[in-house]
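Here's input.cif, which has mmCIF, C-alpha atoms and all ligand atoms:
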data_structure
#
loop_
_atom_site.label_atom_id
_atom_site.label_comp_id
_atom_site.auth_asym_id
_atom_site.auth_seq_id
_atom_site.Cartn_x
_atom_site.Cartn_y
_atom_site.Cartn_z
CA MET A 1 -26.00 -18.87 -3.27
CA LYS A 2 -25.29 -15.22 -2.41
CA CYS A 3 -23.12 -13.53 0.20
CA SER A 4 -21.85 -9.99 0.95
CA VAL A 5 -18.71 -9.01 2.85
CA LYS A 6 -16.82 -5.84 3.69
CA ALA A 7 -13.14 -5.36 2.79
CA PRO A 8 -11.68 -2.66 5.06
CA ALA A 9 -8.69 -0.42 4.40
CA LYS A 10 -5.56 -0.60 6.58
CA ILE A 11 -3.13 1.99 7.87
CA ASN A 12 0.49 1.43 8.95
CA LEU A 13 1.13 2.75 12.46
CA SER A 14 4.74 1.74 11.85
CA LEU A 15 6.72 0.54 8.85
CA GLU A 16 10.42 -0.24 9.16
CA VAL A 17 12.48 -1.50 6.25
CA LEU A 18 15.13 -3.75 7.79
CA ALA A 19 17.01 -5.21 4.81
CA LYS A 20 16.90 -5.82 1.08
CA ARG A 21 16.39 -9.51 0.29
CA PRO A 22 17.89 -11.56 -2.54
CA ASP A 23 14.38 -12.13 -3.99
CA GLY A 24 13.95 -8.35 -4.61
CA TYR A 25 11.58 -7.82 -1.67
CA HIS A 26 12.48 -6.07 1.58
CA GLU A 27 12.43 -7.48 5.08
CA VAL A 28 10.01 -5.30 7.08
CA GLU A 29 8.56 -4.85 10.54
CA MET A 30 5.17 -3.14 10.55
CA ILE A 31 2.23 -2.54 12.85
CA MET A 32 -1.03 -2.35 10.94
CA THR A 33 -4.63 -1.78 11.90
CA GLU A 34 -7.94 -1.56 10.03
CA VAL A 35 -10.10 1.54 9.60
CA ASP A 36 -13.82 1.89 9.00
CA LEU A 37 -13.53 2.65 5.29
CA ALA A 38 -14.40 -0.44 3.27
CA ASP A 39 -15.20 -1.80 -0.16
CA ARG A 40 -18.29 -4.01 -0.37
CA LEU A 41 -18.09 -7.33 -2.21
CA ASP A 42 -21.21 -9.21 -3.33
CA PHE A 43 -20.79 -12.85 -4.36
CA THR A 44 -23.04 -15.13 -6.38
CA THR A 45 -22.01 -18.72 -7.11
CA ARG A 46 -22.06 -19.82 -10.77
CA ASN A 47 -22.70 -23.30 -12.18
CA ASP A 48 -20.63 -22.65 -15.34
CA GLY A 49 -17.37 -22.62 -13.31
CA GLN A 50 -16.35 -19.12 -14.44
CA ILE A 51 -14.90 -16.39 -12.25
CA VAL A 52 -16.31 -13.00 -13.21
CA VAL A 53 -15.28 -9.73 -11.52
CA GLU A 54 -17.44 -6.61 -11.85
CA MET A 55 -16.50 -3.25 -10.35
CA SER A 56 -17.98 0.17 -9.72
CA GLU A 57 -14.54 1.76 -10.37
CA GLY A 58 -13.77 2.06 -14.09
CA PHE A 59 -9.97 2.15 -14.12
CA ILE A 60 -9.06 -1.18 -12.54
CA PRO A 61 -8.65 -4.21 -14.84
CA LEU A 62 -11.24 -6.94 -14.25
CA ASP A 63 -9.18 -9.76 -15.76
CA THR A 64 -6.33 -11.87 -14.32
CA ARG A 65 -4.61 -8.63 -13.13
CA ASN A 66 -7.38 -8.03 -10.60
CA LEU A 67 -6.35 -9.20 -7.13
CA ALA A 68 -9.90 -10.35 -6.37
CA TYR A 69 -9.84 -12.50 -9.52
CA GLN A 70 -6.43 -13.91 -8.57
CA ALA A 71 -7.67 -14.87 -5.11
CA ALA A 72 -10.69 -16.73 -6.53
CA ARG A 73 -8.55 -18.40 -9.20
CA VAL A 74 -5.93 -19.71 -6.79
CA LEU A 75 -8.62 -21.22 -4.50
CA LYS A 76 -10.51 -22.75 -7.40
CA ASP A 77 -7.40 -24.30 -8.97
CA ARG A 78 -5.75 -25.50 -5.77
CA PHE A 79 -8.91 -27.20 -4.44
CA GLN A 80 -10.38 -28.21 -7.83
CA VAL A 81 -13.65 -26.42 -7.18
CA LYS A 82 -16.24 -27.04 -9.96
CA GLU A 83 -18.40 -24.00 -9.17
CA GLY A 84 -17.50 -20.47 -10.20
CA ALA A 85 -18.44 -17.07 -8.78
CA THR A 86 -19.49 -13.60 -9.83
CA ILE A 87 -17.80 -11.02 -7.60
CA HIS A 88 -19.20 -7.49 -7.67
CA ILE A 89 -16.95 -4.90 -5.99
CA GLN A 90 -18.32 -1.56 -4.80
CA LYS A 91 -15.07 0.47 -4.53
CA ASN A 92 -14.95 2.98 -1.71
CA ILE A 93 -11.24 2.73 -0.84
CA PRO A 94 -9.10 4.93 -3.09
CA VAL A 95 -6.86 2.93 -5.46
CA ALA A 96 -3.04 2.84 -5.28
CA ALA A 97 -3.32 4.91 -2.11
CA GLY A 98 -1.29 2.96 0.48
CA LEU A 99 -4.50 1.66 2.06
CA ALA A 100 -4.25 -1.92 0.72
CA GLY A 101 -7.51 -1.69 -1.23
CA GLY A 102 -6.61 -4.48 -3.65
CA SER A 103 -5.11 -6.70 -0.95
CA SER A 104 -8.21 -6.26 1.18
CA ASN A 105 -10.41 -7.29 -1.78
CA ALA A 106 -8.27 -10.42 -2.29
CA ALA A 107 -8.54 -11.31 1.42
CA ALA A 108 -12.33 -10.80 1.37
CA VAL A 109 -12.59 -13.15 -1.63
CA LEU A 110 -10.55 -15.83 0.16
CA ARG A 111 -12.73 -15.61 3.28
CA ALA A 112 -16.05 -15.52 1.43
CA LEU A 113 -15.31 -18.28 -1.11
CA ASN A 114 -13.86 -20.47 1.65
CA ASP A 115 -17.38 -20.42 3.12
CA MET A 116 -19.38 -20.49 -0.12
CA TRP A 117 -17.34 -23.33 -1.62
CA ASN A 118 -17.24 -25.24 1.71
CA LEU A 119 -13.43 -25.49 1.78
CA SER A 120 -13.10 -25.33 5.61
CA LEU A 121 -9.67 -23.69 5.47
CA SER A 122 -8.32 -21.99 8.61
CA LYS A 123 -7.38 -18.29 8.68
CA GLU A 124 -3.72 -19.35 8.73
CA GLU A 125 -4.19 -21.46 5.59
CA LEU A 126 -6.05 -18.61 3.85
CA ALA A 127 -3.30 -16.15 4.86
CA GLU A 128 -0.65 -18.48 3.43
CA ILE A 129 -2.52 -18.60 0.11
CA GLY A 130 -3.05 -14.82 0.30
CA ALA A 131 0.70 -14.22 0.57
CA LEU A 132 1.05 -15.69 -2.94
CA ILE A 133 -1.06 -12.77 -4.23
CA GLY A 134 0.55 -9.85 -2.35
CA SER A 135 2.54 -9.01 0.78
CA ASP A 136 -0.39 -7.24 2.52
CA VAL A 137 -3.00 -9.96 1.86
CA ALA A 138 -2.07 -12.12 4.87
CA PHE A 139 -2.66 -9.17 7.22
CA CYS A 140 -6.00 -8.44 5.52
CA VAL A 141 -7.10 -12.07 5.98
CA HIS A 142 -6.49 -11.84 9.74
CA GLY A 143 -7.69 -8.23 10.09
CA GLY A 144 -7.75 -6.34 13.37
CA THR A 145 -4.40 -5.05 14.60
CA ALA A 146 -1.20 -7.00 13.99
CA LYS A 147 2.55 -6.95 13.65
CA ALA A 148 3.77 -8.07 10.21
CA LEU A 149 7.26 -9.45 9.61
CA GLY A 150 9.13 -11.11 6.74
CA ARG A 151 8.02 -9.30 3.58
CA GLY A 152 4.76 -8.57 5.43
CA GLU A 153 3.25 -12.07 5.34
CA LYS A 154 4.23 -13.27 8.83
CA ILE A 155 1.45 -12.07 11.10
CA GLU A 156 1.37 -11.78 14.90
CA LYS A 157 -1.99 -10.59 16.22
CA LEU A 158 -2.01 -7.66 18.67
CA PRO A 159 -4.72 -6.28 20.98
CA THR A 160 -7.03 -3.61 19.59
CA VAL A 161 -5.77 -0.02 19.50
CA PRO A 162 -7.55 2.38 21.94
CA PRO A 163 -10.52 3.93 20.07
CA CYS A 164 -9.86 7.13 18.13
CA TRP A 165 -10.75 8.97 14.95
CA VAL A 166 -8.71 8.69 11.76
CA VAL A 167 -8.63 11.42 9.11
CA LEU A 168 -7.42 10.12 5.74
CA ALA A 169 -6.30 12.53 3.01
CA LYS A 170 -5.21 11.43 -0.45
CA PRO A 171 -3.81 13.77 -3.13
CA PRO A 172 -4.75 13.08 -6.78
CA ILE A 173 -1.74 10.85 -7.52
CA GLY A 174 -1.28 7.07 -7.50
CA VAL A 175 1.95 5.66 -6.13
CA SER A 176 3.66 2.44 -7.25
CA THR A 177 4.74 0.46 -4.17
CA GLY A 178 7.59 -1.18 -6.10
CA ASP A 179 8.99 2.26 -7.12
CA ILE A 180 9.02 3.50 -3.54
CA TYR A 181 10.77 0.37 -2.19
CA ARG A 182 13.34 0.66 -5.01
CA HIS A 183 14.36 4.10 -3.70
CA VAL A 184 14.46 3.25 0.00
CA TRP A 185 17.75 3.48 1.86
CA VAL A 186 18.26 0.71 4.43
CA SER A 187 20.28 2.03 7.36
CA GLU A 188 21.45 0.70 10.73
CA ARG A 189 18.99 1.59 13.49
CA ARG A 190 19.42 1.94 17.22
CA HIS A 191 15.81 1.76 18.29
CA SER A 192 12.66 0.19 16.91
CA PRO A 193 9.60 2.43 16.53
CA SER A 194 7.54 -0.73 15.92
CA ALA A 195 8.49 -2.11 19.33
CA GLU A 196 7.52 1.24 20.90
CA VAL A 197 4.15 1.24 19.12
CA GLU A 198 3.59 -2.39 20.12
CA ASN A 199 4.35 -1.63 23.79
CA ALA A 200 2.02 1.37 23.67
CA ILE A 201 -0.77 -0.80 22.23
CA TYR A 202 -0.34 -3.34 25.05
CA ALA A 203 -0.33 -0.47 27.56
CA ARG A 204 -3.42 1.05 25.85
CA ASP A 205 -1.47 4.32 25.83
CA TYR A 206 -2.90 6.44 23.00
CA GLY A 207 -0.38 9.28 23.59
CA GLN A 208 2.60 6.95 23.22
CA ILE A 209 1.13 5.41 20.03
CA CYS A 210 0.95 8.96 18.61
CA ASN A 211 4.52 9.72 19.74
CA HIS A 212 6.02 6.68 18.00
CA LEU A 213 4.23 6.60 14.61
CA HIS A 214 6.97 5.96 12.02
CA ASN A 215 7.26 5.00 8.34
CA ASP A 216 10.63 4.46 6.62
CA LEU A 217 8.97 4.89 3.19
CA GLU A 218 7.62 8.34 4.03
CA SER A 219 10.78 10.33 3.23
CA VAL A 220 11.09 8.50 -0.12
CA THR A 221 7.52 9.31 -1.22
CA LEU A 222 7.76 12.89 0.12
CA ALA A 223 10.91 13.50 -1.94
CA LEU A 224 9.15 12.27 -5.10
CA TYR A 225 5.76 13.87 -4.36
CA PRO A 226 6.15 17.06 -2.22
CA GLU A 227 2.35 17.52 -2.07
CA VAL A 228 2.22 14.57 0.35
CA GLY A 229 4.42 16.52 2.78
CA ARG A 230 2.20 19.59 2.41
CA ILE A 231 -0.87 17.52 3.35
CA LYS A 232 0.92 16.16 6.41
CA GLN A 233 1.99 19.66 7.44
CA ARG A 234 -1.54 21.02 7.05
CA MET A 235 -2.92 18.16 9.18
CA VAL A 236 -0.41 18.90 11.94
CA GLU A 237 -1.07 22.67 11.76
CA SER A 238 -4.83 22.17 12.02
CA GLY A 239 -4.48 20.34 15.33
CA ILE A 240 -4.29 16.58 14.71
CA ASP A 241 -2.67 14.51 17.50
CA ALA A 242 -0.25 12.78 15.09
CA ALA A 243 0.04 12.32 11.32
CA LEU A 244 1.89 9.82 9.10
CA MET A 245 1.87 8.56 5.54
CA SER A 246 0.32 5.08 5.22
CA GLY A 247 2.22 2.29 3.43
CA SER A 248 3.98 3.56 0.32
CA GLY A 249 1.53 6.48 0.18
CA PRO A 250 0.32 8.86 -0.98
CA THR A 251 -2.48 8.83 1.64
CA VAL A 252 -1.64 10.60 4.90
CA PHE A 253 -3.59 9.64 8.02
CA GLY A 254 -4.03 11.59 11.22
CA LEU A 255 -5.16 10.30 14.61
CA ALA A 256 -7.48 12.33 16.84
CA LYS A 257 -9.14 11.56 20.15
CA HIS A 258 -11.90 14.19 19.99
CA GLU A 259 -14.66 14.68 17.44
CA GLY A 260 -14.29 18.50 17.44
CA GLN A 261 -10.66 18.13 16.43
CA VAL A 262 -11.64 15.80 13.56
CA GLN A 263 -14.13 18.32 12.20
CA ARG A 264 -11.49 21.08 12.24
CA VAL A 265 -8.86 18.94 10.48
CA TYR A 266 -11.40 17.61 7.98
CA ASN A 267 -12.51 21.16 7.08
CA ALA A 268 -8.89 22.32 6.78
CA LEU A 269 -8.12 19.56 4.28
CA ARG A 270 -11.22 19.61 2.12
CA GLY A 271 -10.60 21.74 -0.95
CA PHE A 272 -6.87 21.32 -0.34
CA CYS A 273 -6.90 17.63 -1.11
CA GLU A 274 -8.71 15.34 -3.59
CA ARG A 275 -10.22 12.84 -1.16
CA VAL A 276 -10.66 13.30 2.58
CA TYR A 277 -12.37 10.89 4.99
CA ALA A 278 -13.07 11.01 8.71
CA VAL A 279 -13.55 7.47 10.02
CA ARG A 280 -13.04 5.43 13.19
CA LEU A 281 -10.55 2.68 13.79
CA LEU A 282 -12.20 -0.66 13.21
CA THR A 283 -12.20 -2.37 16.57
CA SER A 284 -14.25 -5.48 15.88
CA GLU A 285 -14.37 -8.28 13.28
CA THR A 286 -15.89 -7.13 10.00
CA CYS A 287 -17.48 -10.11 8.26
C1 LIG B 301 3.82 -0.79 1.53
C2 LIG B 301 2.96 -1.87 2.13
O1 LIG B 301 1.62 -1.74 1.63
C3 LIG B 301 2.90 -1.66 3.63
O2 LIG B 301 1.85 -2.36 4.26
C4 LIG B 301 3.48 -3.27 1.80
O3 LIG B 301 4.81 -3.42 2.25
C5 LIG B 301 3.39 -3.59 0.31
O4 LIG B 301 2.46 -4.57 0.14
P1 LIG B 301 1.82 -4.95 -1.30
O5 LIG B 301 1.27 -3.74 -1.96
O6 LIG B 301 0.91 -6.13 -1.06
O7 LIG B 301 3.12 -5.35 -2.08
P2 LIG B 301 3.37 -6.49 -3.19
O8 LIG B 301 2.28 -6.45 -4.20
O9 LIG B 301 3.67 -7.78 -2.51
O10 LIG B 301 4.73 -5.96 -3.81
C6 LIG B 301 4.80 -4.87 -4.72
C7 LIG B 301 6.26 -4.52 -4.90
O11 LIG B 301 6.74 -3.84 -3.71
C8 LIG B 301 8.05 -4.24 -3.36
N1 LIG B 301 8.04 -4.81 -1.99
C9 LIG B 301 6.87 -5.16 -1.38
C10 LIG B 301 6.87 -5.65 -0.09
C11 LIG B 301 8.11 -5.79 0.57
N2 LIG B 301 8.17 -6.26 1.82
N3 LIG B 301 9.26 -5.43 -0.04
C12 LIG B 301 9.24 -4.92 -1.31
O12 LIG B 301 10.30 -4.59 -1.86
C13 LIG B 301 8.47 -5.25 -4.41
O13 LIG B 301 9.20 -4.55 -5.39
C14 LIG B 301 7.17 -5.74 -5.01
O14 LIG B 301 7.32 -6.11 -6.37
N1 LIG B 302 -9.40 -5.36 -6.61
C1 LIG B 302 -8.52 -4.37 -6.76
N2 LIG B 302 -8.69 -3.19 -6.10
C2 LIG B 302 -7.80 -2.18 -6.23
N3 LIG B 302 -6.70 -2.25 -7.01
C3 LIG B 302 -6.48 -3.38 -7.70
C4 LIG B 302 -7.38 -4.48 -7.59
N4 LIG B 302 -6.88 -5.46 -8.36
C5 LIG B 302 -5.76 -5.01 -8.92
N5 LIG B 302 -5.51 -3.75 -8.55
C6 LIG B 302 -4.34 -2.95 -8.97
O1 LIG B 302 -3.43 -2.91 -7.87
C7 LIG B 302 -2.69 -1.68 -7.85
C8 LIG B 302 -2.58 -1.16 -6.42
O2 LIG B 302 -3.84 -0.86 -5.94
P1 LIG B 302 -4.18 -0.86 -4.36
O3 LIG B 302 -5.40 -0.01 -4.20
O4 LIG B 302 -4.25 -2.23 -3.82
O5 LIG B 302 -2.88 -0.12 -3.82
P2 LIG B 302 -2.39 0.26 -2.40
O6 LIG B 302 -3.52 0.80 -1.57
O7 LIG B 302 -1.19 1.15 -2.57
O8 LIG B 302 -1.94 -1.12 -1.79
P3 LIG B 302 -0.80 -1.40 -0.69
O9 LIG B 302 -1.10 -0.45 0.45
O10 LIG B 302 -1.07 -2.87 -0.37
O11 LIG B 302 0.50 -1.16 -1.38
C9 LIG B 302 -3.40 -0.74 -8.81
O12 LIG B 302 -2.56 -0.54 -9.91
C10 LIG B 302 -4.66 -1.48 -9.26
O13 LIG B 302 -4.93 -1.33 -10.63
#

I need this file expressed as structure tokens, please.
Ligand SMILES: C[C@](O)(CO)[C@H](O)COP(=O)(O)OP(=O)(O)OC[C@H]1O[C@@H](n2ccc(N)nc2=O)[C@H](O)[C@@H]1O
Ligand SMILES: Nc1ncnc2c1ncn2[C@@H]1O[C@H](COP(=O)(O)OP(=O)(O)OP(=O)(O)O)[C@@H](O)[C@H]1O
Amino acid sequence: MKCSVKAPAKINLSLEVLAKRPDGYHEVEMIMTEVDLADRLDFTTRNDGQIVVEMSEGFIPLDTRNLAYQAARVLKDRFQVKEGATIHIQKNIPVAAGLAGGSSNAAAVLRALNDMWNLSLSKEELAEIGALIGSDVAFCVHGGTAKALGRGEKIEKLPTVPPCWVVLAKPPIGVSTGDIYRHVWVSERRHSPSAEVENAIYARDYGQICNHLHNDLESVTLALYPEVGRIKQRMVESGIDAALMSGSGPTVFGLAKHEGQVQRVYNALRGFCERVYAVRLLTSETC
């Protein structure tokens, strides 16, 4: 049996770090949404029971360290599945970029193998299993637009964001999420940018979404990697509506309502930055 699914990248419209937890993670409040930049995963079931991951990208381990492998393994072991699977990943999402590429692959594996292995698990059950693999996997299982709480695994679905363009720009550095959280300073706050973004989404108010974009990890990554700040500045100077670093970085995204604007920003960043993409927000279910 064969099956193909897309695994889209996410951006953080907000990311607030609320507290450090005893387990080493941080309590967060985030608003996330998917963009139309996706890896493609092709699955073939195997009778020998093995899980085999193949990838177009040469620098990611294919063994137990691969998040796609881990997702298949946990399903197979927990539900004593006899069959195996070959998972071929066509990587389009830049790696260690703050776009949840690995988490999205893991979520796509959970959704696809749930169908191929006839496990009949609900999205909630898959998200719970996904949270064992990484904090962003639960969001990626649900997809769309959502608020994430806890360490990121508690998901509350939100309406779709008003349609717009997203320019993504990634400098040639990879960032370790753990390193960035280790340097973050948790401070008392008087207002919640996430609540403002959430209200703006319900009101379908694109301007207010732009006004309230916020990421507590941004200043940490910018201090360690000044080139990220230069990319953000260039985006703003070339006429984007709003720009922010996604996740722990280093990718910076910009929102734009008009196609002409996108072309201008895209041209201003190409040559200045290793990888630049102009995509749309993903407003419908992917697989
Ligand atoms: C930065 C974000 O991508 C924003 O969406 C997420 O918060 C991180 O999600 P992720 O990459 O799936 O993170 P995980 O693989 O679960 O954790 C990597 C490391 O980041 C730190 N971490 C992660 C999530 C969180 N809420 N608090 C943390 O302190 C921990 O040190 C952890 O060891
Ligand atoms: N299937 C996979 N795709 C991408 N990276 C993977 C995968 N499996 C394991 N990894 C490893 O995970 C690490 C983070 O990669 P990833 O692309 O998921 O980062 P990210 O976009 O910063 O994620 P997040 O936004 O969730 O923090 C890399 O070191 C990479 O080697």

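Comparing A:Ala243, A:Ile60, A:Leu15, A:Val186 by their smallest distance to His214 in chain A, the closest is A:Leu15 (using all atoms listed in the file).
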
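Counting from CA of Gly229 in chain A, the distance to CA of Asp216 in chain A is 14.1 Å.
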
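Where the distance criterion is 7 Å and the atoms used are all atoms listed in the file, the residues close to ligand LIG 302 (chain B) are Ile60, Pro61, Arg65, Asn66, Leu67, Ala68, Pro94, Val95, Ala96, Ala97, Gly98, Leu99, Ala100, Gly101, Gly102, Ser103, Asn105, Ala106, Asp136, Val175, Ser176, Thr177, Gly247, Ser248 and Gly249 of chain A.
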
- Item | Atomic separation - CA of Cys140 in chain A relative to CA of Gln80 in chain A, Å | 24.3 Å

For chain A versus ligand LIG 301 (chain B), which residues have an atom no more than 9 Å away, and what is each residue's nearest atom pair and distance in Å rounded to one decimal, using only C-alpha atoms and all ligand atoms, chain-then-number order, as a Markdown table?
| residue | atom | partner | partner_atom | distance |
| --- | --- | --- | --- | --- |
| A:Lys10 | CA | B:LIG301 | O2 | 8.0 |
| A:Ile11 | CA | B:LIG301 | O2 | 7.5 |
| A:Asn12 | CA | B:LIG301 | O2 | 6.2 |
| A:Leu15 | CA | B:LIG301 | C3 | 6.8 |
| A:Val17 | CA | B:LIG301 | N2 | 7.8 |
| A:Lys20 | CA | B:LIG301 | O12 | 7.3 |
| A:Arg21 | CA | B:LIG301 | O12 | 8.1 |
| A:Asp23 | CA | B:LIG301 | O12 | 8.8 |
| A:Gly24 | CA | B:LIG301 | O12 | 5.9 |
| A:Tyr25 | CA | B:LIG301 | O12 | 3.5 |
| A:His26 | CA | B:LIG301 | N3 | 3.7 |
| A:Glu27 | CA | B:LIG301 | N2 | 5.5 |
| A:Val28 | CA | B:LIG301 | N2 | 5.7 |
| A:Glu29 | CA | B:LIG301 | N2 | 8.8 |
| A:Met30 | CA | B:LIG301 | O2 | 7.2 |
| A:Ile31 | CA | B:LIG301 | O2 | 8.6 |
| A:Met32 | CA | B:LIG301 | O2 | 7.3 |
| A:Ala96 | CA | B:LIG301 | O5 | 8.5 |
| A:Gly98 | CA | B:LIG301 | O1 | 5.6 |
| A:Leu99 | CA | B:LIG301 | O1 | 7.0 |
| A:Ala100 | CA | B:LIG301 | O1 | 5.9 |
| A:Gly102 | CA | B:LIG301 | O5 | 8.1 |
| A:Ser103 | CA | B:LIG301 | O6 | 6.0 |
| A:Ala131 | CA | B:LIG301 | O9 | 7.7 |
| A:Leu132 | CA | B:LIG301 | O9 | 8.3 |
| A:Ile133 | CA | B:LIG301 | O9 | 7.1 |
| A:Gly134 | CA | B:LIG301 | O9 | 3.7 |
| A:Ser135 | CA | B:LIG301 | O9 | 3.7 |
| A:Asp136 | CA | B:LIG301 | O6 | 4.0 |
| A:Val137 | CA | B:LIG301 | O6 | 6.2 |
| A:Ala138 | CA | B:LIG301 | O6 | 8.9 |
| A:Phe139 | CA | B:LIG301 | O2 | 8.7 |
| A:Ala148 | CA | B:LIG301 | O2 | 8.5 |
| A:Leu149 | CA | B:LIG301 | N2 | 8.5 |
| A:Gly150 | CA | B:LIG301 | N2 | 7.0 |
| A:Arg151 | CA | B:LIG301 | N2 | 3.5 |
| A:Gly152 | CA | B:LIG301 | N2 | 5.5 |
| A:Glu153 | CA | B:LIG301 | N2 | 8.4 |
| A:Ser176 | CA | B:LIG301 | C7 | 7.8 |
| A:Thr177 | CA | B:LIG301 | O11 | 4.8 |
| A:Gly178 | CA | B:LIG301 | O11 | 3.7 |
| A:Asp179 | CA | B:LIG301 | O13 | 7.0 |
| A:Ile180 | CA | B:LIG301 | O11 | 7.7 |
| A:Tyr181 | CA | B:LIG301 | O12 | 5.0 |
| A:Arg182 | CA | B:LIG301 | O13 | 6.7 |
| A:Leu217 | CA | B:LIG301 | C1 | 7.8 |
| A:Ser246 | CA | B:LIG301 | C3 | 7.4 |
| A:Gly247 | CA | B:LIG301 | C1 | 4.0 |
| A:Ser248 | CA | B:LIG301 | C1 | 4.5 |
| A:Gly249 | CA | B:LIG301 | C1 | 7.7 |

- Task: Using all atoms listed in the file, determine which residues lie at most 12 Å from His212 in chain A, disregarding the query and same-chain residues fewer than 4 positions distant; provide the list as an NGL selection string.
- Result: :A and (12-15 or 31 or 191-201 or 205-208 or 241-244)

With C-alpha atoms retained, write the just-selected residues as an mmCIF file, keeping the file's coordinate frame.
data_model
loop_
_atom_site.group_PDB
_atom_site.id
_atom_site.type_symbol
_atom_site.label_atom_id
_atom_site.label_comp_id
_atom_site.auth_asym_id
_atom_site.auth_seq_id
_atom_site.Cartn_x
_atom_site.Cartn_y
_atom_site.Cartn_z
ATOM 1 C CA ASN A 12 0.490 1.430 8.950
ATOM 2 C CA LEU A 13 1.130 2.750 12.460
ATOM 3 C CA SER A 14 4.740 1.740 11.850
ATOM 4 C CA LEU A 15 6.720 0.540 8.850
ATOM 5 C CA ILE A 31 2.230 -2.540 12.850
ATOM 6 C CA HIS A 191 15.810 1.760 18.290
ATOM 7 C CA SER A 192 12.660 0.190 16.910
ATOM 8 C CA PRO A 193 9.600 2.430 16.530
ATOM 9 C CA SER A 194 7.540 -0.730 15.920
ATOM 10 C CA ALA A 195 8.490 -2.110 19.330
ATOM 11 C CA GLU A 196 7.520 1.240 20.900
ATOM 12 C CA VAL A 197 4.150 1.240 19.120
ATOM 13 C CA GLU A 198 3.590 -2.390 20.120
ATOM 14 C CA ASN A 199 4.350 -1.630 23.790
ATOM 15 C CA ALA A 200 2.020 1.370 23.670
ATOM 16 C CA ILE A 201 -0.770 -0.800 22.230
ATOM 17 C CA ASP A 205 -1.470 4.320 25.830
ATOM 18 C CA TYR A 206 -2.900 6.440 23.000
ATOM 19 C CA GLY A 207 -0.380 9.280 23.590
ATOM 20 C CA GLN A 208 2.600 6.950 23.220
ATOM 21 C CA ASP A 241 -2.670 14.510 17.500
ATOM 22 C CA ALA A 242 -0.250 12.780 15.090
ATOM 23 C CA ALA A 243 0.040 12.320 11.320
ATOM 24 C CA LEU A 244 1.890 9.820 9.100
#

- Note on the structure: re CA of Phe59 in chain A and CA of Ser104 in chain A: distance 17.5 Å

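Proximity of A:Ser122, A:Ser238, A:Thr145, A:Asn211 to Tyr266 in chain A, computed with all atoms listed in the file, is greatest for A:Ser238.
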
- Rank A:Ser4, A:Tyr225, A:Lys82, A:Ile51 by their smallest atom-to-atom distance to Thr64 in chain A, using all atoms listed in the file, and report the top residue only. A:Ile51

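When all atoms listed in the file are used to measure the gap to Gly260 in chain A, the shortest distance among A:Ile87, A:Ile240, A:Leu281, A:Cys273 belongs to A:Ile240.
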
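Comparing the minimum interatomic distances between Lys123 in chain A and each of A:Gly239, A:Gly143, A:Gly174, A:Pro22, counting only C-alpha atoms, we find that A:Gly143 sits nearest.
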
Give the centre and edge lengths of an axis-aligned box, in Å to one decimal, that holds all listed atoms of range 27-43 of chain A with 8 Å on each side, as AutoDock Vina command-line options.
--center_x -4.4 --center_y -5.1 --center_z 4.2 --size_x 49.6 --size_y 31.5 --size_z 33.2

Output of range 80-91 of chain A limited to C-alpha atoms, as a PDB file, in the first residue's frame:
ATOM      1  CA  GLN A  80       1.898  -3.799  18.277  1.00  0.00           C
ATOM      2  CA  VAL A  81       1.678  -3.294  14.526  1.00  0.00           C
ATOM      3  CA  LYS A  82       3.247  -6.196  12.561  1.00  0.00           C
ATOM      4  CA  GLU A  83       3.731  -4.263   9.314  1.00  0.00           C
ATOM      5  CA  GLY A  84       6.556  -1.790   8.755  1.00  0.00           C
ATOM      6  CA  ALA A  85       6.905   1.214   6.449  1.00  0.00           C
ATOM      7  CA  THR A  86       9.359   2.909   4.135  1.00  0.00           C
ATOM      8  CA  ILE A  87       9.081   6.680   4.527  1.00  0.00           C
ATOM      9  CA  HIS A  88      10.673   8.824   1.817  1.00  0.00           C
ATOM     10  CA  ILE A  89      10.960  12.516   2.736  1.00  0.00           C
ATOM     11  CA  GLN A  90      11.405  15.196   0.074  1.00  0.00           C
ATOM     12  CA  LYS A  91      12.784  18.080   2.200  1.00  0.00           C
TER      13      LYS A  91
END
